[in-house]
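model00.cif, holding mmCIF, C-alpha atoms:
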```
data_input
#
loop_
_atom_site.label_atom_id
_atom_site.label_comp_id
_atom_site.auth_asym_id
_atom_site.auth_seq_id
_atom_site.Cartn_x
_atom_site.Cartn_y
_atom_site.Cartn_z
CA MET H 1189 0.00 0.00 0.00
CA ASN H 1190 1.03 3.60 -0.45
CA ALA H 1191 0.11 6.74 1.46
CA ALA H 1192 -2.91 7.52 -0.75
CA ASP H 1193 -4.21 3.97 -0.32
CA ASP H 1194 -3.66 4.18 3.45
CA VAL H 1195 -5.61 7.46 3.63
CA ALA H 1196 -8.48 6.08 1.54
CA TYR H 1197 -8.58 2.86 3.57
CA ARG H 1198 -8.63 4.64 6.94
CA LEU H 1199 -11.28 7.09 5.76
CA ALA H 1200 -13.44 4.20 4.54
CA LEU H 1201 -13.05 2.53 7.95
CA ALA H 1202 -14.04 5.75 9.73
CA LYS H 1203 -17.13 6.16 7.55
CA GLY H 1204 -18.07 2.50 7.92
CA PHE H 1205 -17.84 2.58 11.70
CA LEU H 1206 -19.79 5.86 11.75
CA ASN H 1207 -22.52 4.21 9.68
CA GLU H 1208 -22.69 1.31 12.13
CA ALA H 1209 -22.77 3.71 15.09
CA GLU H 1210 -25.73 5.52 13.54
CA GLN H 1211 -27.50 2.19 13.06
CA ASP H 1212 -26.72 1.18 16.66
CA MET H 1213 -28.18 4.45 17.91
CA GLY H 1214 -31.40 3.75 16.04
CA LEU H 1215 -31.54 0.26 17.53
CA GLY H 1216 -30.90 1.48 21.08
CA ARG H 1217 -27.60 -0.40 21.35
CA TRP H 1218 -25.76 2.17 23.44
CA ARG H 1219 -22.53 0.20 24.05
CA SER H 1220 -22.24 -0.71 20.39
CA CYS H 1221 -22.93 2.88 19.38
CA VAL H 1222 -20.12 4.14 21.61
CA ASP H 1223 -17.83 1.34 20.44
CA ASN H 1224 -18.39 2.07 16.76
CA SER H 1225 -18.20 5.82 17.37
CA GLN H 1226 -14.85 5.31 19.11
CA LEU H 1227 -13.57 3.30 16.15
CA ALA H 1228 -14.77 5.98 13.72
CA VAL H 1229 -12.94 8.65 15.72
CA GLU H 1230 -9.79 6.54 16.04
CA ASN H 1231 -9.75 5.95 12.30
CA THR H 1232 -10.15 9.66 11.55
CA GLY H 1233 -6.98 10.16 13.58
CA LYS H 1234 -5.27 7.36 11.69
CA THR H 1235 -6.42 8.92 8.41
CA ALA H 1236 -4.71 12.15 9.43
CA LEU H 1237 -1.55 10.27 10.39
CA SER H 1238 -1.54 8.44 7.04
CA LEU H 1239 -1.84 11.79 5.30
CA PHE H 1240 1.49 12.75 6.87
CA GLY H 1241 3.12 9.42 6.11
CA VAL H 1242 2.94 8.10 9.67
CA ALA H 1243 2.09 4.41 10.02
CA PRO H 1244 -0.86 4.38 12.44
CA LYS H 1245 -0.13 1.38 14.67
CA SER H 1246 -1.76 2.74 17.81
CA HIS H 1247 -5.19 3.03 19.37
CA ASP H 1248 -4.13 6.51 20.49
CA PRO H 1249 -3.36 8.65 17.42
CA ALA H 1250 -3.73 11.88 19.43
CA LYS H 1251 -0.14 11.71 20.68
CA GLN H 1252 1.27 11.31 17.19
CA ILE H 1253 -0.92 14.10 15.80
CA ALA H 1254 0.24 16.41 18.59
CA ALA H 1255 3.82 15.60 17.58
CA ILE H 1256 3.06 16.42 13.94
CA LEU H 1257 1.66 19.78 15.01
CA ARG H 1258 4.84 20.50 17.00
CA GLN H 1259 7.34 19.25 14.43
CA GLN H 1260 5.98 20.04 10.98
CA THR H 1261 5.25 23.27 9.20
CA ILE H 1262 1.83 22.92 7.65
CA PRO H 1263 -0.72 25.47 6.47
CA LYS H 1264 -2.69 27.18 9.20
CA GLU H 1265 -6.07 25.76 8.08
CA MET H 1266 -4.69 22.22 8.12
CA ALA H 1267 -3.17 22.74 11.56
CA SER H 1268 -6.50 24.10 12.80
CA ALA H 1269 -8.32 21.00 11.53
CA LEU H 1270 -5.82 18.75 13.31
CA GLU H 1271 -6.21 20.79 16.48
CA ARG H 1272 -10.00 20.38 16.27
CA LEU H 1273 -9.56 16.61 16.13
CA LEU H 1274 -7.30 16.36 19.17
CA PRO H 1275 -9.84 16.74 22.02
CA ASP H 1276 -12.19 14.23 20.41
CA LEU H 1277 -9.34 11.77 19.84
CA VAL H 1278 -8.54 12.01 23.54
CA THR H 1279 -12.17 11.77 24.70
CA LEU H 1280 -12.89 8.72 22.57
CA GLY H 1281 -9.38 7.33 22.73
CA GLU H 1282 -7.77 4.16 23.97
CA HIS H 1283 -9.39 4.34 27.43
CA GLU H 1284 -12.88 4.37 25.91
CA HIS H 1285 -11.86 1.61 23.49
CA VAL H 1286 -11.05 -0.62 26.47
CA ARG H 1287 -14.25 0.32 28.33
CA THR H 1288 -16.49 -0.57 25.38
CA ASP H 1289 -14.87 -3.99 25.09
CA TYR H 1290 -14.13 -4.95 28.70
CA GLY H 1291 -16.20 -2.66 30.88
CA ASP H 1292 -14.74 -1.39 34.13
CA GLU H 1293 -12.72 -4.27 35.50
CA GLU H 1294 -11.98 -2.44 38.77
CA THR H 1295 -15.66 -2.22 39.68
CA TYR H 1296 -16.72 -5.33 37.73
CA THR H 1297 -19.12 -3.23 35.68
CA LEU H 1298 -19.97 -4.84 32.36
CA PRO H 1299 -19.66 -2.69 29.24
CA TRP H 1300 -23.41 -2.85 28.60
CA ASP H 1301 -23.97 -1.26 32.03
CA LEU H 1302 -21.56 1.64 31.44
CA PHE H 1303 -23.24 3.38 28.54
CA THR H 1304 -26.55 5.22 28.28
CA GLN H 1305 -28.52 6.82 25.49
CA GLN H 1306 -26.91 10.14 26.42
CA SER H 1307 -23.34 8.78 26.31
CA ALA H 1308 -24.11 7.07 22.99
CA ASP H 1309 -25.56 10.29 21.57
CA THR H 1310 -22.50 12.26 22.69
CA ALA H 1311 -20.12 9.67 21.20
CA LEU H 1312 -22.07 9.59 17.92
CA LYS H 1313 -22.00 13.38 17.59
CA THR H 1314 -18.26 13.30 18.28
CA ALA H 1315 -17.73 10.71 15.54
CA GLN H 1316 -19.84 12.68 13.06
CA ARG H 1317 -17.84 15.83 13.82
CA CYS H 1318 -14.53 13.98 13.38
CA VAL H 1319 -15.52 12.48 10.03
CA GLN H 1320 -16.56 15.94 8.80
CA THR H 1321 -13.30 17.41 10.06
CA ILE H 1322 -11.12 14.76 8.43
CA GLN H 1323 -12.92 15.25 5.12
CA LYS H 1324 -12.21 18.99 5.34
CA LEU H 1325 -8.58 18.26 6.23
CA LEU H 1326 -8.23 15.97 3.21
CA ALA H 1327 -9.68 18.64 0.91
CA LEU H 1328 -7.28 21.22 2.37
CA ALA H 1329 -4.35 18.83 1.94
CA GLU H 1330 -5.27 18.20 -1.70
CA ALA H 1331 -5.46 21.94 -2.39
CA TRP H 1332 -2.10 22.46 -0.65
CA ARG H 1333 -0.53 19.63 -2.67
CA LYS H 1334 -1.80 21.14 -5.93
CA SER H 1335 -0.56 24.61 -5.03
CA ARG H 1336 2.88 23.19 -4.22
CA GLU H 1337 2.91 21.36 -7.57
CA ASN H 1338 1.95 24.57 -9.36
CA ASP H 1339 4.66 26.50 -7.52
CA SER H 1340 7.17 23.79 -8.42
CA ASN H 1341 6.11 23.84 -12.06
CA GLU H 1342 6.44 27.63 -12.16
CA GLU H 1343 9.98 27.43 -10.75
CA THR H 1344 11.10 24.98 -13.44
CA LYS H 1345 9.89 27.20 -16.29
#
```
Before anything else, please render the file you have as structure tokens.
Amino acid sequence: MNAADDVAYRLALAKGFLNEAEQDMGLGRWRSCVDNSQLAVENTGKTALSLFGVAPKSHDPAKQIAAILRQQTIPKEMASALERLLPDLVTLGEHEHVRTDYGDEETYTLPWDLFTQQSADTALKTAQRCVQTIQKLLALAEAWRKSRENDSNEETK
């Protein structure tokens, strides 16, 4: 696979998990809705990492995205989109991933007992926001890539 394939694959995963989360919400499956919302959010973070050539081998892409923001010079609009993703990546990050699968092992609370309609609704809205944000980021990145190509072509003339 190459970077473009990685980006497309991760985006398709994010959209697929978002679709399932929306279905779960309609069926009243709160744990499943949060679980699929978390996976949608995680994959939006991994889409962003793939865009910058980082192999996303973590359930916590927020740390790597924060490093990209510190270390790379990218257009302001792209940086803003990444910054908008960060809080949601933390909120629905690795900790929530574990809770949706295993519950709270310290209190022996099963995952189905942890999540409510309200927590599912909040998670779903977060996932929807992240998918919209990553799509905007990808459009910004494409425009930036084209402008750099045009600048490069102008320099060689």
Skip range 1197-1208 of chain H itself and residues of its chain fewer than 3 positions away, then list as a PyMOL selection string all residues within 12 Å of it, counting all atoms listed in the file. chain H and resi 1189-1194+1211-1215+1217-1239+1243-1245+1311-1326
Hey, can you check how far CA of His1247 in chain H sits from CA of Gly1281 in chain H? 6.9 Å
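Across the structure, CA of Lys1334 in chain H and CA of Val1242 in chain H are spaced 20.9 Å apart.
Minimum distance to Leu1328 in chain H across H:Ser1268, H:Ser1246, H:Thr1261, H:Gln1252 (counting all atoms listed in the file) occurs at H:Ser1268.
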